[in-house]
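Below is coords33.txt, which holds compact mmCIF, C-alpha atoms and all ligand atoms.
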```txt
# COMPACT_ATOMS: atom_id res chain seq x y z
CA MET A 1 -0.15 -25.71 28.37
CA TYR A 2 0.71 -24.40 31.80
CA THR A 3 -0.91 -25.09 35.12
CA GLN A 4 -3.52 -22.54 36.03
CA ALA A 5 -3.91 -23.59 39.63
CA LEU A 6 -0.71 -22.26 41.11
CA ASP A 7 -1.29 -21.57 44.75
CA THR A 8 1.19 -18.99 45.96
CA HIS A 9 2.85 -17.91 42.70
CA GLY A 10 6.17 -17.43 44.49
CA LYS A 11 4.66 -14.59 46.47
CA GLU A 12 5.44 -15.93 49.96
CA PRO A 13 6.59 -13.19 52.33
CA LEU A 14 10.33 -13.31 52.91
CA PRO A 15 11.65 -14.16 56.37
CA ALA A 16 12.55 -10.94 58.23
CA GLY A 17 15.90 -9.51 57.20
CA GLU A 18 16.31 -11.85 54.21
CA GLY A 19 14.96 -9.55 51.52
CA GLY A 20 18.34 -8.38 50.26
CA ALA A 21 19.86 -11.85 50.21
CA VAL A 22 16.91 -13.37 48.36
CA ALA A 23 16.90 -10.59 45.80
CA GLN A 24 20.64 -11.11 45.28
CA ARG A 25 20.13 -14.85 44.84
CA PHE A 26 17.40 -14.12 42.28
CA GLN A 27 19.70 -11.82 40.26
CA ALA A 28 22.54 -14.37 40.54
CA ARG A 29 20.24 -17.03 39.04
CA VAL A 30 19.31 -14.68 36.20
CA ASP A 31 22.99 -13.83 35.64
CA ALA A 32 23.79 -17.56 35.49
CA ASP A 33 21.11 -17.98 32.78
CA GLU A 34 18.92 -20.18 34.99
CA LYS A 35 15.24 -20.12 34.15
CA ILE A 36 12.88 -18.53 36.68
CA GLU A 37 9.75 -20.67 37.07
CA PRO A 38 6.27 -19.65 38.26
CA LYS A 39 6.63 -20.89 41.83
CA ASP A 40 10.10 -19.37 42.33
CA TRP A 41 10.48 -16.21 44.33
CA MET A 42 10.77 -13.15 42.10
CA PRO A 43 10.78 -9.40 42.72
CA ASP A 44 7.33 -7.93 42.30
CA ALA A 45 8.63 -5.47 39.69
CA TYR A 46 9.95 -8.43 37.62
CA ARG A 47 6.53 -10.08 37.84
CA GLN A 48 4.73 -6.85 36.85
CA THR A 49 7.11 -6.23 33.94
CA LEU A 50 6.46 -9.71 32.61
CA ILE A 51 2.68 -9.40 33.02
CA ARG A 52 2.83 -6.09 31.12
CA GLN A 53 5.02 -7.34 28.29
CA ILE A 54 3.46 -10.80 27.88
CA SER A 55 -0.11 -9.47 27.97
CA GLN A 56 0.70 -6.69 25.48
CA HIS A 57 2.27 -9.37 23.31
CA ALA A 58 -0.83 -11.61 23.64
CA HIS A 59 -3.14 -8.71 22.77
CA SER A 60 -0.97 -7.95 19.73
CA GLU A 61 -1.40 -11.47 18.41
CA ILE A 62 -5.18 -11.36 18.87
CA VAL A 63 -5.64 -7.89 17.40
CA GLY A 64 -3.08 -8.86 14.75
CA MET A 65 -5.58 -11.39 13.37
CA LEU A 66 -7.82 -8.57 12.17
CA PRO A 67 -5.87 -6.86 9.37
CA GLU A 68 -5.18 -10.17 7.63
CA GLY A 69 -8.57 -11.67 8.49
CA ASN A 70 -9.94 -8.84 6.35
CA TRP A 71 -8.56 -10.59 3.23
CA ILE A 72 -9.56 -14.21 3.83
CA THR A 73 -12.70 -13.93 1.71
CA ARG A 74 -10.81 -12.16 -1.07
CA ALA A 75 -7.62 -14.23 -1.28
CA PRO A 76 -6.81 -14.66 -5.00
CA THR A 77 -6.60 -18.48 -5.06
CA LEU A 78 -7.76 -21.43 -2.97
CA ARG A 79 -4.15 -22.11 -1.95
CA ARG A 80 -3.63 -18.52 -0.80
CA LYS A 81 -6.91 -18.66 1.12
CA ALA A 82 -6.00 -21.92 2.90
CA VAL A 83 -2.58 -20.56 3.85
CA LEU A 84 -4.02 -17.27 5.08
CA ILE A 85 -6.67 -19.01 7.19
CA ALA A 86 -3.94 -21.18 8.76
CA LYS A 87 -1.76 -18.15 9.45
CA VAL A 88 -4.53 -16.15 11.10
CA GLN A 89 -5.44 -19.20 13.17
CA ASP A 90 -1.78 -19.51 14.23
CA GLU A 91 -1.86 -15.91 15.50
CA GLY A 92 -4.91 -16.76 17.62
CA GLY A 93 -3.02 -19.76 19.02
CA HIS A 94 -0.02 -17.55 19.85
CA GLY A 95 -2.33 -15.26 21.78
CA MET A 96 -3.64 -18.25 23.77
CA TYR A 97 -0.12 -19.52 24.66
CA LEU A 98 0.83 -16.03 25.75
CA TYR A 99 -2.27 -15.47 27.90
CA SER A 100 -1.49 -18.84 29.51
CA ALA A 101 2.09 -17.78 30.16
CA ALA A 102 0.83 -14.51 31.71
CA GLU A 103 -1.56 -16.47 33.93
CA THR A 104 1.36 -18.35 35.48
CA LEU A 105 2.32 -15.00 37.01
CA GLY A 106 -0.93 -14.87 38.97
CA VAL A 107 -3.10 -12.65 36.77
CA ALA A 108 -6.50 -13.77 35.46
CA ARG A 109 -7.10 -13.91 31.73
CA ALA A 110 -10.46 -12.17 32.23
CA GLU A 111 -8.62 -9.23 33.77
CA LEU A 112 -6.28 -9.01 30.79
CA PHE A 113 -9.20 -9.14 28.34
CA GLU A 114 -10.90 -6.39 30.29
CA GLN A 115 -7.76 -4.23 29.97
CA LEU A 116 -7.71 -4.80 26.20
CA LEU A 117 -11.42 -4.19 25.63
CA SER A 118 -11.50 -1.06 27.78
CA GLY A 119 -8.62 0.39 25.78
CA ALA A 120 -6.37 0.51 28.85
CA ALA A 121 -3.85 -2.04 27.53
CA LYS A 122 -1.37 -1.47 24.75
CA TYR A 123 -0.93 -3.77 21.77
CA SER A 124 1.51 -3.41 18.90
CA SER A 125 1.19 -0.15 16.99
CA ILE A 126 1.51 -1.99 13.68
CA PHE A 127 -1.99 -3.46 13.81
CA ASN A 128 -3.60 -0.04 13.65
CA TYR A 129 -2.86 0.30 9.95
CA PRO A 130 -5.31 -0.83 7.24
CA THR A 131 -4.88 -3.64 4.71
CA LEU A 132 -5.95 -1.95 1.49
CA THR A 133 -4.84 -4.43 -1.18
CA TRP A 134 -3.81 -8.09 -1.45
CA ALA A 135 -0.16 -6.97 -1.51
CA ASP A 136 -0.60 -5.82 2.09
CA ILE A 137 -0.94 -9.49 3.06
CA GLY A 138 2.46 -10.11 1.48
CA ALA A 139 3.93 -7.04 3.17
CA ILE A 140 2.60 -8.07 6.58
CA GLY A 141 4.12 -11.56 6.32
CA TRP A 142 7.43 -10.27 4.98
CA LEU A 143 7.86 -7.15 7.13
CA VAL A 144 5.62 -7.51 10.19
CA ASP A 145 6.32 -11.19 10.81
CA GLY A 146 9.94 -10.51 9.88
CA ALA A 147 10.15 -7.79 12.54
CA ALA A 148 8.26 -9.99 15.01
CA ILE A 149 10.78 -12.83 14.55
CA MET A 150 13.73 -10.49 14.97
CA ASN A 151 12.25 -9.33 18.26
CA GLN A 152 11.04 -12.73 19.44
CA ILE A 153 13.96 -15.09 18.74
CA PRO A 154 15.89 -13.53 21.66
CA ILE A 155 12.79 -13.97 23.87
CA CYS A 156 13.27 -17.76 23.48
CA ARG A 157 16.18 -17.12 25.88
CA CYS A 158 14.15 -14.93 28.23
CA SER A 159 14.81 -15.59 31.92
CA TYR A 160 11.16 -16.47 32.62
CA GLY A 161 10.65 -20.13 31.67
CA PRO A 162 7.00 -20.17 30.51
CA TYR A 163 7.49 -17.11 28.26
CA ALA A 164 10.73 -18.48 26.80
CA ARG A 165 9.19 -21.88 26.06
CA ALA A 166 6.06 -20.39 24.48
CA MET A 167 8.28 -18.37 22.15
CA VAL A 168 10.05 -21.43 20.73
CA ARG A 169 6.95 -22.71 18.96
CA ILE A 170 5.69 -19.24 18.15
CA CYS A 171 8.96 -18.38 16.40
CA LYS A 172 8.82 -21.54 14.28
CA GLU A 173 5.37 -20.57 13.07
CA GLU A 174 6.32 -16.91 12.55
CA SER A 175 9.19 -18.04 10.38
CA PHE A 176 6.75 -19.87 8.08
CA HIS A 177 4.56 -16.75 8.09
CA GLN A 178 7.47 -14.58 7.04
CA ARG A 179 8.34 -16.85 4.13
CA GLN A 180 4.76 -17.03 2.87
CA GLY A 181 4.64 -13.21 2.94
CA PHE A 182 7.90 -12.92 1.02
CA GLU A 183 6.61 -15.43 -1.52
CA ILE A 184 3.50 -13.31 -2.11
CA MET A 185 5.72 -10.26 -2.61
CA LEU A 186 7.98 -12.19 -4.98
CA THR A 187 5.02 -13.35 -7.06
CA LEU A 188 3.71 -9.79 -7.31
CA ALA A 189 7.15 -8.31 -7.98
CA ARG A 190 7.63 -10.75 -10.88
CA GLY A 191 4.09 -10.25 -12.17
CA SER A 192 2.46 -7.55 -14.28
CA ALA A 193 3.25 -3.84 -14.00
CA ALA A 194 0.05 -3.41 -11.98
CA GLN A 195 1.10 -6.17 -9.58
CA ARG A 196 4.59 -4.65 -9.15
CA ALA A 197 3.00 -1.29 -8.44
CA MET A 198 0.73 -2.90 -5.85
CA ALA A 199 3.73 -4.52 -4.13
CA GLN A 200 5.65 -1.21 -4.13
CA ASP A 201 2.64 0.64 -2.71
CA ALA A 202 2.33 -1.92 0.10
CA LEU A 203 6.05 -1.59 0.92
CA ASN A 204 5.68 2.21 0.93
CA ARG A 205 2.88 2.02 3.50
CA TRP A 206 4.23 -0.77 5.74
CA TRP A 207 7.96 0.07 5.87
CA TRP A 208 7.95 2.83 8.46
CA PRO A 209 5.28 1.30 10.73
CA SER A 210 7.36 -1.93 10.72
CA ILE A 211 10.46 0.04 11.74
CA MET A 212 8.41 1.59 14.57
CA MET A 213 7.27 -1.83 15.82
CA PHE A 214 10.58 -2.19 17.66
CA GLY A 215 9.50 0.54 20.04
CA PRO A 216 10.95 3.92 21.03
CA SER A 217 14.63 4.64 20.46
CA ASP A 218 16.92 3.42 23.24
CA ALA A 219 17.24 6.96 24.58
CA ASP A 220 13.47 7.07 25.14
CA SER A 221 12.82 3.44 26.13
CA LYS A 222 11.91 3.52 29.81
CA HIS A 223 11.93 -0.25 30.38
CA THR A 224 14.88 -1.54 28.36
CA ALA A 225 17.72 -1.11 30.88
CA GLN A 226 15.97 -2.98 33.68
CA SER A 227 14.48 -5.61 31.35
CA MET A 228 17.97 -6.33 30.04
CA ARG A 229 19.35 -6.69 33.58
CA TRP A 230 16.60 -9.23 34.18
CA LYS A 231 17.26 -10.89 30.79
CA ILE A 232 13.64 -10.44 29.77
CA LYS A 233 15.07 -8.50 26.86
CA ARG A 234 18.42 -9.57 25.38
CA PHE A 235 18.85 -6.69 22.93
CA SER A 236 17.73 -3.09 22.96
CA ASN A 237 15.01 -1.72 20.66
CA ASP A 238 17.55 0.06 18.43
CA GLU A 239 19.81 -3.00 18.18
CA LEU A 240 16.93 -5.17 16.97
CA ARG A 241 15.64 -2.45 14.64
CA GLN A 242 19.10 -2.21 13.03
CA LYS A 243 19.36 -5.99 12.60
CA PHE A 244 15.95 -5.98 10.90
CA ILE A 245 16.93 -3.15 8.55
CA ASP A 246 20.23 -4.81 7.63
CA ILE A 247 18.47 -8.07 6.74
CA THR A 248 15.42 -6.60 5.03
CA VAL A 249 16.97 -3.96 2.75
CA PRO A 250 18.79 -6.59 0.61
CA GLN A 251 15.52 -8.55 0.41
CA ALA A 252 13.82 -5.46 -1.03
CA PHE A 253 16.66 -5.16 -3.57
CA PHE A 254 16.12 -8.81 -4.50
CA LEU A 255 12.42 -8.10 -5.05
CA GLY A 256 13.34 -5.08 -7.20
CA LEU A 257 11.37 -2.79 -4.87
CA ALA A 258 12.49 0.56 -3.48
CA ILE A 259 12.60 1.22 0.27
CA PRO A 260 10.66 4.49 0.78
CA ASP A 261 13.54 6.35 2.39
CA ARG A 262 15.71 8.73 0.36
CA GLU A 263 18.31 8.85 3.12
CA LEU A 264 18.81 5.09 3.27
CA HIS A 265 22.43 4.20 2.52
CA TRP A 266 25.08 1.64 3.35
CA ASN A 267 27.51 2.96 5.92
CA GLU A 268 30.91 1.51 5.11
CA SER A 269 32.43 2.43 8.46
CA THR A 270 29.72 0.85 10.63
CA GLN A 271 28.87 -1.92 8.13
CA HIS A 272 25.18 -1.17 8.62
CA TYR A 273 22.44 0.61 6.69
CA ASP A 274 21.67 4.11 7.94
CA ILE A 275 18.06 5.27 7.62
CA GLY A 276 16.33 8.65 7.65
CA ALA A 277 14.53 10.07 10.68
CA ILE A 278 11.70 8.03 12.16
CA ASP A 279 8.45 9.97 12.59
CA TRP A 280 8.03 9.45 16.33
CA ALA A 281 5.04 11.80 16.38
CA GLU A 282 3.17 9.24 14.27
CA PHE A 283 4.24 6.41 16.61
CA HIS A 284 3.01 8.27 19.71
CA ALA A 285 -0.26 9.23 18.01
CA VAL A 286 -0.92 5.55 17.25
CA LEU A 287 -0.08 4.58 20.86
CA LYS A 288 -2.52 7.21 22.11
CA GLY A 289 -5.32 5.58 20.10
CA ASN A 290 -5.23 7.93 17.12
CA GLY A 291 -3.85 5.66 14.41
CA PRO A 292 -5.83 4.99 11.23
CA CYS A 293 -7.61 1.89 12.63
CA ASN A 294 -7.36 2.00 16.47
CA ARG A 295 -11.08 2.50 16.98
CA GLU A 296 -12.05 -0.09 14.37
CA ARG A 297 -9.72 -2.70 15.94
CA LEU A 298 -11.13 -2.27 19.44
CA GLU A 299 -14.69 -2.30 18.13
CA ALA A 300 -13.97 -5.58 16.33
CA ARG A 301 -12.53 -7.14 19.52
CA ARG A 302 -15.46 -5.92 21.60
CA GLY A 303 -17.90 -7.30 19.00
CA ALA A 304 -16.12 -10.68 19.03
CA TYR A 305 -16.23 -10.75 22.83
CA GLU A 306 -19.96 -10.04 22.86
CA SER A 307 -20.83 -12.49 20.10
CA GLY A 308 -18.83 -15.18 21.93
CA ARG A 309 -20.71 -14.57 25.18
CA TRP A 310 -23.21 -17.40 24.56
CA VAL A 311 -20.35 -19.86 24.01
CA ARG A 312 -18.72 -18.91 27.33
CA GLU A 313 -22.07 -19.12 29.09
CA ALA A 314 -22.89 -22.51 27.51
CA ALA A 315 -19.44 -23.86 28.46
CA ALA A 316 -19.86 -22.62 32.05
CA ALA A 317 -23.37 -24.15 32.27
CA HIS A 318 -22.07 -27.45 30.91
CA ALA A 319 -19.19 -27.47 33.41
CA ALA A 320 -21.63 -26.74 36.26
CA LYS A 321 -23.88 -29.62 35.12
CA GLU A 322 -20.89 -31.96 34.99
CA ARG A 323 -19.82 -30.92 38.49
CA ALA A 324 -23.35 -31.50 39.82
CA ARG A 325 -23.54 -34.89 38.10
CA THR A 326 -20.14 -35.91 39.48
CA ALA A 327 -21.17 -34.79 42.98
CA SER A 328 -24.44 -36.77 42.80
CA THR A 329 -22.56 -39.93 41.77
CA GLY A 330 -20.09 -39.52 44.64
CA GLY A 331 -17.28 -38.33 42.39
CA SER A 332 -17.35 -41.39 40.11
CA THR A 333 -17.24 -40.52 36.46
CA ALA A 334 -17.43 -44.21 35.52
CA GLN A 335 -21.19 -44.30 36.24
CA THR A 336 -21.87 -41.48 33.79
CA GLY A 337 -19.72 -43.11 31.16
CA ARG A 338 -17.68 -39.90 30.98
CA THR A 339 -13.93 -39.74 31.37
N1 LIG B 1 3.41 -0.65 19.94
O1 LIG B 1 10.29 1.08 27.28
P1 LIG B 1 9.79 0.45 26.02
C1 LIG B 1 3.44 -9.87 16.09
C2 LIG B 1 5.26 0.72 24.48
S1 LIG B 1 3.60 -9.66 17.76
C3 LIG B 1 2.73 -0.32 21.07
O2 LIG B 1 10.76 0.27 24.92
P2 LIG B 1 9.54 -2.42 26.36
C4 LIG B 1 3.00 -11.22 15.59
C5 LIG B 1 5.75 -0.21 25.55
O3 LIG B 1 4.86 -1.30 25.72
C6 LIG B 1 4.04 -7.95 17.95
N2 LIG B 1 3.36 0.00 22.22
O4 LIG B 1 9.02 -0.92 26.37
C7 LIG B 1 2.09 -11.03 14.45
C8 LIG B 1 5.81 0.72 26.73
O5 LIG B 1 4.49 0.96 27.20
P3 LIG B 1 4.05 0.93 28.76
C9 LIG B 1 4.18 -7.62 19.37
C10 LIG B 1 4.72 -0.04 22.20
O6 LIG B 1 8.44 -3.27 26.80
C11 LIG B 1 2.58 -10.80 13.19
C12 LIG B 1 6.29 2.00 26.11
O7 LIG B 1 5.94 1.94 24.73
N3 LIG B 1 5.43 -8.12 19.87
O8 LIG B 1 3.70 -8.96 15.42
C13 LIG B 1 5.45 -0.40 21.08
O9 LIG B 1 10.84 -2.54 27.06
C14 LIG B 1 1.70 -10.64 12.10
C15 LIG B 1 7.78 2.22 26.28
O10 LIG B 1 8.55 1.32 25.46
C16 LIG B 1 5.72 -8.08 21.19
O11 LIG B 1 4.91 -7.64 21.99
C17 LIG B 1 4.75 -0.71 19.91
N4 LIG B 1 5.36 -1.04 18.77
O12 LIG B 1 9.84 -2.72 24.80
C18 LIG B 1 0.72 -11.14 14.63
C19 LIG B 1 7.05 -8.67 21.58
N5 LIG B 1 6.76 -0.33 21.39
O13 LIG B 1 3.73 -0.50 29.05
C20 LIG B 1 -0.17 -10.99 13.55
C21 LIG B 1 7.31 -8.59 23.05
C22 LIG B 1 6.84 0.06 22.67
O14 LIG B 1 5.19 1.45 29.57
C23 LIG B 1 0.35 -10.74 12.28
N6 LIG B 1 7.51 -7.22 23.52
N7 LIG B 1 5.61 0.24 23.15
O15 LIG B 1 2.82 1.77 28.83
C24 LIG B 1 8.70 -6.58 23.50
O16 LIG B 1 9.69 -7.10 23.03
C25 LIG B 1 8.75 -5.22 24.13
O17 LIG B 1 7.63 -5.05 24.97
C26 LIG B 1 8.82 -4.05 23.09
C27 LIG B 1 8.80 -2.73 23.86
C28 LIG B 1 10.11 -4.14 22.28
C29 LIG B 1 7.61 -4.09 22.15
```

Can you dump the structure from the file as structure tokens?
Amino acid sequence: MYTQALDTHGKEPLPAGEGGAVAQRFQARVDADEKIEPKDWMPDAYRQTLIRQISQHAHSEIVGMLPEGNWITRAPTLRRKAVLIAKVQDEGGHGMYLYSAAETLGVARAELFEQLLSGAAKYSSIFNYPTLTWADIGAIGWLVDGAAIMNQIPICRCSYGPYARAMVRICKEESFHQRQGFEIMLTLARGSAAQRAMAQDALNRWWWPSIMMFGPSDADSKHTAQSMRWKIKRFSNDELRQKFIDITVPQAFFLGLAIPDRELHWNESTQHYDIGAIDWAEFHAVLKGNGPCNRERLEARRGAYESGRWVREAAAAHAAKERARTASTGGSTAQTGRT
């Protein structure tokens, strides 16, 4: 999708005395809503912020395949199974776009994988919760993809071109994911008493983790202010969280399900829903690796990496053979019949 052979990555040293002027020009371009491209000069902190956010986002997509992958063999109908397989495959594709976008900033994909597998990198807290029943697949599509879209639509206007462009397609697919999740919830909510109970139980377990997905409150978010100046983020964590709540609560009413929050109420003066206190201790425990499934998720990724080793080695051996063959024929691929 993006070139992976960028030579300098916009890292050329600035002519003496020009640092301030170049940095000002960079910010002026951001302020004017111009896109920053891989070969453009950019402050190192901007580059590092993007590598951090895009790689965490890529890891989230890849780890995010696991909770739903758990239900592929047990989907209730052939149609549900086909849709779920396609959705999980989409998440894998999103991860690949995002790793490619991160690579345009001059970091190697292997390095990012290493950070994920060693446990050094963060990925979204939400994927450390288990999928206990089929209704969890509905709840993930409805709530988790719903929260992901709310967060990611503004990233389509991110100042960094490759990230913004990757998000356009990702958001289209996430929107389909959200609707398929809501449709599962609707089917269960209109089904038998046992199905309704299953849907309510899934909402009870996924509501608060979905609210936490938006990240720490604005008062505690260390990156938001600078990321908004750079237009990497367009809205703060709390702003996006509130938009999600305001859209999702009426959807729960439509389903006939109860949001598990006794303090939830419509605030006439602000024209928003107010919610009860978020359990930030739970959020921080999950980030520290102590959520219900953190260990299981990393083990699964490590296992996948190891079982894919022979494929990587075979691909590398094939590429080496092709290079040797091309070299022996003087660079002509026509003689080998290969294009
Ligand atoms: N989980 O100062 P802030 C999906 C970290 S994709 C874990 O507010 P920032 C698709 C944060 O990284 C879901 N860590 O940080 C799907 C930072 O850590 P650091 C992923 C979190 O970056 C659906 C520290 O806390 N989406 O769901 C979380 O300005 C269904 C301080 O926080 C994205 O990644 C969290 N929830 O704002 C797949 C979107 N929240 O690096 C499968 C792009 C915060 O200082 C199935 N990312 N942290 O050690 C963003 O928009 C931002 O990075 C935020 C965090 C909003 C996540």

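Using all atoms listed in the file, we find that the residues with an atom at most 6 Å from any atom of ligand LIG 1 (chain B) are A:Gln53, A:Gln56, A:His57, A:Ser60, A:Glu61, A:Gly64, A:Met65, A:Glu91, A:Lys122, A:Tyr123, A:Ser124, A:Ser125, A:Val144, A:Asp145, A:Ala148, A:Asn151, A:Met212, A:Met213, A:Phe214, A:Gly215, A:Pro216, A:Ser221, A:Lys222, A:His223, A:Thr224, A:Asn237, A:Leu287.
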
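Restricting the calculation to all atoms listed in the file, the smallest distance between Leu105 in chain A and any of A:Arg262, A:Lys87, A:Arg52, A:His59 is found for A:Arg52.
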
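The space between CA of Ala199 in chain A and CA of Glu239 in chain A spans 27.5 Å.
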
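Shortest separation to Ile247 in chain A among A:Ser159, A:His94, A:Asn204, A:His272 occurs at residue A:His272, atoms counted being all atoms listed in the file.
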
Quiz item: In Å, how far is it from CA of Thr329 in chain A to CA of Trp310 in chain A?
Solution: 28.4 Å

Quiz prompt | Spatial sel., origin (5.7, 1.7, 5.9), limit 12 Å, all atoms listed in the file, listed as JSON, numbers by chain | solution = {"A": [126, 129, 130, 131, 136, 139, 140, 143, 144, 199, 200, 201, 202, 203, 204, 205, 206, 207, 208, 209, 210, 211, 212, 213, 258, 259, 260, 261, 278, 279, 282, 283]}

Self-check item: Protein, DNA and RNA residues within 9 Å of (-0.5, -10.3, 3.1), only C-alpha atoms, as JSON, numbers by chain
Solution: {"A": [67, 68, 71, 84, 131, 133, 134, 135, 136, 137, 138, 139, 140, 141, 142, 180, 181, 184, 185]}

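Compared by their closest atoms to Thr49 in chain A, and using only C-alpha atoms, the residues A:Thr77, A:Asn294, A:Gln226, A:Ser328 rank with A:Gln226 nearest.
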
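Comparing A:Phe113, A:Phe176, A:Phe253, A:Phe127 by their smallest distance to Arg297 in chain A, the closest is A:Phe127 (using only C-alpha atoms).
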
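Across the model, the gap from CA of Pro162 in chain A to CA of Glu37 in chain A is 7.1 Å.
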
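Among A:Tyr99, A:Glu183, A:Leu240, A:Arg109, the residue with the shortest atom-to-atom distance to Arg80 in chain A, counting all atoms listed in the file, is A:Glu183.
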
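Closest approach to Gln89 in chain A among A:His177, A:Lys243, A:Arg157, A:Arg301 is made by A:His177 (distances from only C-alpha atoms).
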